[in-house]
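Written out below as structure tokens is the structure these notes cover.
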Amino acid sequence: MSAEPRGNNTRKMQGVKLTNLDKVLWPEDGITKGQLIDYYLSMSCHLLRYLKDRPLYFTRYPDGIHGKWFYQKNVPVTAPPWIETWSDRSGTRLMIARSQMDMLWIGSQASIEIHPWFSTRLNPLYPNYIVFDLDPAPPAGLEQVKVVAKTLCDILRYVGLVSFPKTSGATGVHVCVPIRPVFSYEACRQFVEVVARLVLKQHPDIVTLERRVEKRSGKVYIDYLQNAIGKTVVSLFSPRPLTGAPVSVPFEWSELDGIRPSEYTLLNVPAIFKDRLFRIEYISNYPQDLLDAAEKLKRLMAAFAPARYDLSDHT
């Protein structure tokens, strides 16, 4: 099913009125709003499995990636009646994506980035995965990120945790670790911080935990602070508002050395992943226990510095 206009810049699909389909959102690439909608429709099966029951934020670019944009949390009152919402503690109505029609509406809003919570609406205070966000600051780049990611993978394996990498869609990598949803966000953040500090000890020349951007030059920032309620990283298979229309995609650890994030774009990802098997359900398939991992991590950290975390508030 194509959302591209055929002689008409307005169409109606499945009860949704789609307008400005030939609006160019990625000027250097000539990629239109219609093509963005097509992408979301073609990837809806994968996206909906990943986003299931997760409150969502969006970044919207109605005038294209170089125009004014805004961060949307609250679902507008003009949204179609079938859109399901869930309200957080502040009363903000967040979208829950359930169907292909929902993905069509997301695309129709020029929502280029999708940001899911780390927890679900069923258990909002307890994430079921944690994330190590590896973000290089020039002149550091992808090669330094790969070195850091490999060390991180080795540490996680040592403490008994299965992890799943994905490209950020830019120059970074996100390392996702599924867990049982019984640990508080604060406990999870502390765990990620301790692992990040261990990586820093091993690569002080290329790793930083410095929050201030101006202090990160030439190093890979491990952002452990993203592991907090309401904070996010961009979704798997979300496009990015960058020239080339790159997309965040999963890959196997065995592919790390050869991964080239810029090669995965809005135009080719549907074909690449059409028949490719990958573990999109990893969050439900690998409900891992951080307590066991924390005990092993304590022993590993003993040679470097005292552990500074406590998972005792996990229930």
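Letters A, B, ... mark the chains of the structure tokens in the order given; residue numbers begin at 1 per chain; ligand numbers begin at 1, in order shown.
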
DSSP helix (DSSP H, G or I) residues within stretch 215-254 of chain A, as a ChimeraX atom specification
/A:215,224-226,253-254

Write the residues you've just listed into a file as a JSON list (two decimals), in the first residue's frame, and include N, CA and C atoms for each of them.
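Contents of result-v5.json, freshly written:
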[["chain", "number", "residue", "atom", "x", "y", "z"],
["A", 215, "LYS", "N", 32.95, 19.29, 27.58],
["A", 215, "LYS", "CA", 34.00, 18.54, 28.28],
["A", 215, "LYS", "C", 34.23, 17.15, 27.67],
["A", 224, "TYR", "N", 24.44, 7.10, 31.17],
["A", 224, "TYR", "CA", 23.69, 6.23, 32.06],
["A", 224, "TYR", "C", 22.47, 6.93, 32.64],
["A", 225, "LEU", "N", 22.45, 8.26, 32.57],
["A", 225, "LEU", "CA", 21.35, 9.03, 33.16],
["A", 225, "LEU", "C", 20.05, 8.91, 32.37],
["A", 226, "GLN", "N", 20.12, 8.35, 31.16],
["A", 226, "GLN", "CA", 18.90, 8.13, 30.39],
["A", 226, "GLN", "C", 17.99, 7.09, 31.06],
["A", 253, "TRP", "N", 26.08, -8.93, 17.69],
["A", 253, "TRP", "CA", 27.41, -8.56, 18.15],
["A", 253, "TRP", "C", 28.48, -9.01, 17.16],
["A", 254, "SER", "N", 28.24, -10.11, 16.46],
["A", 254, "SER", "CA", 29.21, -10.60, 15.48],
["A", 254, "SER", "C", 29.35, -9.65, 14.29]]

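Close contacts of stretch 143-160 of chain A, defined as residues with an atom at most 8 Å away when counting only C-alpha atoms, with chain neighbours fewer than 5 positions off set aside, comprise Leu134, Asp135, Pro136, Gly172, Val173, Val175, Val195, Ala196, Val199, His203, Ile206, Val207, Lys219, Val220, Leu256, Asp257, Asp292, Ala293, Ala294, Lys296 and Leu297 of chain A.
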
Would you kindly return, as a VMD selection string, each protein, DNA or RNA residue with an atom no farther than 9 Å from any atom of A:Ile112, considering only C-alpha atoms and excluding same-chain residues fewer than 2 positions away?
chain A and resid 36 58 to 61 65 106 to 107 109 to 110 114 238 to 241

Contacts of A:Arg216 at 12 Å or less, counting only C-alpha atoms, minus same-chain residues fewer than 3 places along, as a ChimeraX atom specification?
/A:135-140,204-213,219-223

Please produce a file of the residues just selected, as a compact mmCIF listing (two decimals), in the first residue's frame, where the atoms kept are C-alpha atoms.
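Written out: part36.txt:
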# COMPACT_ATOMS: atom_id res chain seq x y z
CA ASP A 135 27.54 8.87 22.01
CA PRO A 136 30.86 9.98 20.43
CA ALA A 137 32.01 13.60 20.50
CA PRO A 138 34.24 14.59 17.53
CA PRO A 139 36.94 13.87 16.69
CA ALA A 140 35.90 10.55 18.24
CA PRO A 204 40.10 6.45 30.15
CA ASP A 205 41.57 7.82 26.91
CA ILE A 206 38.37 7.45 24.88
CA VAL A 207 35.51 7.21 27.41
CA THR A 208 33.82 9.93 29.46
CA LEU A 209 30.87 10.17 31.82
CA GLU A 210 30.98 13.97 31.69
CA ARG A 211 27.49 15.41 31.21
CA ARG A 212 28.70 18.75 29.85
CA VAL A 213 29.10 18.55 26.08
CA LYS A 219 35.63 10.82 23.72
CA VAL A 220 32.66 8.46 23.79
CA TYR A 221 30.07 9.55 26.33
CA ILE A 222 28.26 6.72 28.13
CA ASP A 223 24.92 8.24 29.08

Among stretch 69-268 of chain A, which residues does DSSP mark as strand (DSSP E or B) when it is run on the backbone? Keep the chain and numbering as in the structure and answer as a PyMOL selection string.
chain A and resi 70-72+84-87+93-96+111-116+129-136+164-167+173-179+207-208+220-223+239+246-247+250+265

Please report as CSV every residue of stretch 56-145 of chain A lying within 8 Å of stretch 179-185 of chain A, along with the nearest atom pair and their distance in Å (one decimal), using only C-alpha atoms.
residue,atom,partner,partner_atom,distance
A:Ser119,CA,A:Pro181,CA,7.7
A:Asn123,CA,A:Pro181,CA,7.3
A:Leu125,CA,A:Ser184,CA,6.5
A:Tyr126,CA,A:Pro181,CA,5.0
A:Pro127,CA,A:Pro181,CA,5.3
A:Asn128,CA,A:Pro181,CA,4.6
A:Tyr129,CA,A:Ile179,CA,5.1
A:Ile130,CA,A:Ile179,CA,7.3

Long-range neighbours of A:Tyr264 as an MDAnalysis selection string, 9 Å cut-off, only C-alpha atoms, 6 positions minimum in chain
chainID A and resid 169 245:249 272

Restrict the selected residues to N, CA, C and O atoms and save them as a PDB file, in the first residue's frame.
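New file part-v1.pdb:
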ATOM      1  N   GLY A 169      21.211   5.393  14.751  1.00  0.00           N
ATOM      2  CA  GLY A 169      20.749   6.077  13.560  1.00  0.00           C
ATOM      3  C   GLY A 169      21.633   7.269  13.236  1.00  0.00           C
ATOM      4  O   GLY A 169      21.497   7.878  12.178  1.00  0.00           O
ATOM      5  N   ALA A 245      18.512  10.307   5.779  1.00  0.00           N
ATOM      6  CA  ALA A 245      17.370   9.625   6.413  1.00  0.00           C
ATOM      7  C   ALA A 245      17.769   8.297   7.052  1.00  0.00           C
ATOM      8  O   ALA A 245      17.170   7.252   6.792  1.00  0.00           O
ATOM      9  N   PRO A 246      18.799   8.306   7.939  1.00  0.00           N
ATOM     10  CA  PRO A 246      19.217   7.057   8.580  1.00  0.00           C
ATOM     11  C   PRO A 246      18.168   6.558   9.560  1.00  0.00           C
ATOM     12  O   PRO A 246      17.329   7.323  10.045  1.00  0.00           O
ATOM     13  N   VAL A 247      18.245   5.263   9.846  1.00  0.00           N
ATOM     14  CA  VAL A 247      17.280   4.595  10.720  1.00  0.00           C
ATOM     15  C   VAL A 247      18.039   3.803  11.784  1.00  0.00           C
ATOM     16  O   VAL A 247      19.093   3.215  11.505  1.00  0.00           O
ATOM     17  N   SER A 248      17.521   3.784  12.996  1.00  0.00           N
ATOM     18  CA  SER A 248      18.093   2.967  14.063  1.00  0.00           C
ATOM     19  C   SER A 248      17.735   1.505  13.816  1.00  0.00           C
ATOM     20  O   SER A 248      16.552   1.155  13.743  1.00  0.00           O
ATOM     21  N   VAL A 249      18.751   0.646  13.680  1.00  0.00           N
ATOM     22  CA  VAL A 249      18.494  -0.760  13.356  1.00  0.00           C
ATOM     23  C   VAL A 249      19.235  -1.694  14.311  1.00  0.00           C
ATOM     24  O   VAL A 249      20.286  -1.341  14.846  1.00  0.00           O
ATOM     25  N   ILE A 272      15.643  -4.598   3.490  1.00  0.00           N
ATOM     26  CA  ILE A 272      16.713  -5.310   4.187  1.00  0.00           C
ATOM     27  C   ILE A 272      16.152  -6.226   5.268  1.00  0.00           C
ATOM     28  O   ILE A 272      16.600  -7.365   5.448  1.00  0.00           O
TER      29      ILE A 272
END

State, in Å with one decimal place, the distance from atom CA of A:Pro178 to atom CA of A:Tyr286.
5.9 Å

Leaving out A:Asp275 and any residue of its chain fewer than 6 positions from it, which residues lie within 12 Å of it when counting only C-alpha atoms, given as a ChimeraX atom specification?
/A:43,46,269

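Computed from the coordinates, the atom CA of A:Ala97 to atom CA of A:Pro116 distance equals 10.0 Å.
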
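The interatomic distance for the pair atom CA of A:Pro27 and atom CA of A:Trp69 works out to 15.1 Å.
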
For A:Leu25, please output as a list of chain:residue names all residues within 6 Å (counting only C-alpha atoms; exclusion window: fewer than 6 positions along the same chain).
A:Ile31, A:Thr32, A:Gly64, A:Ile65
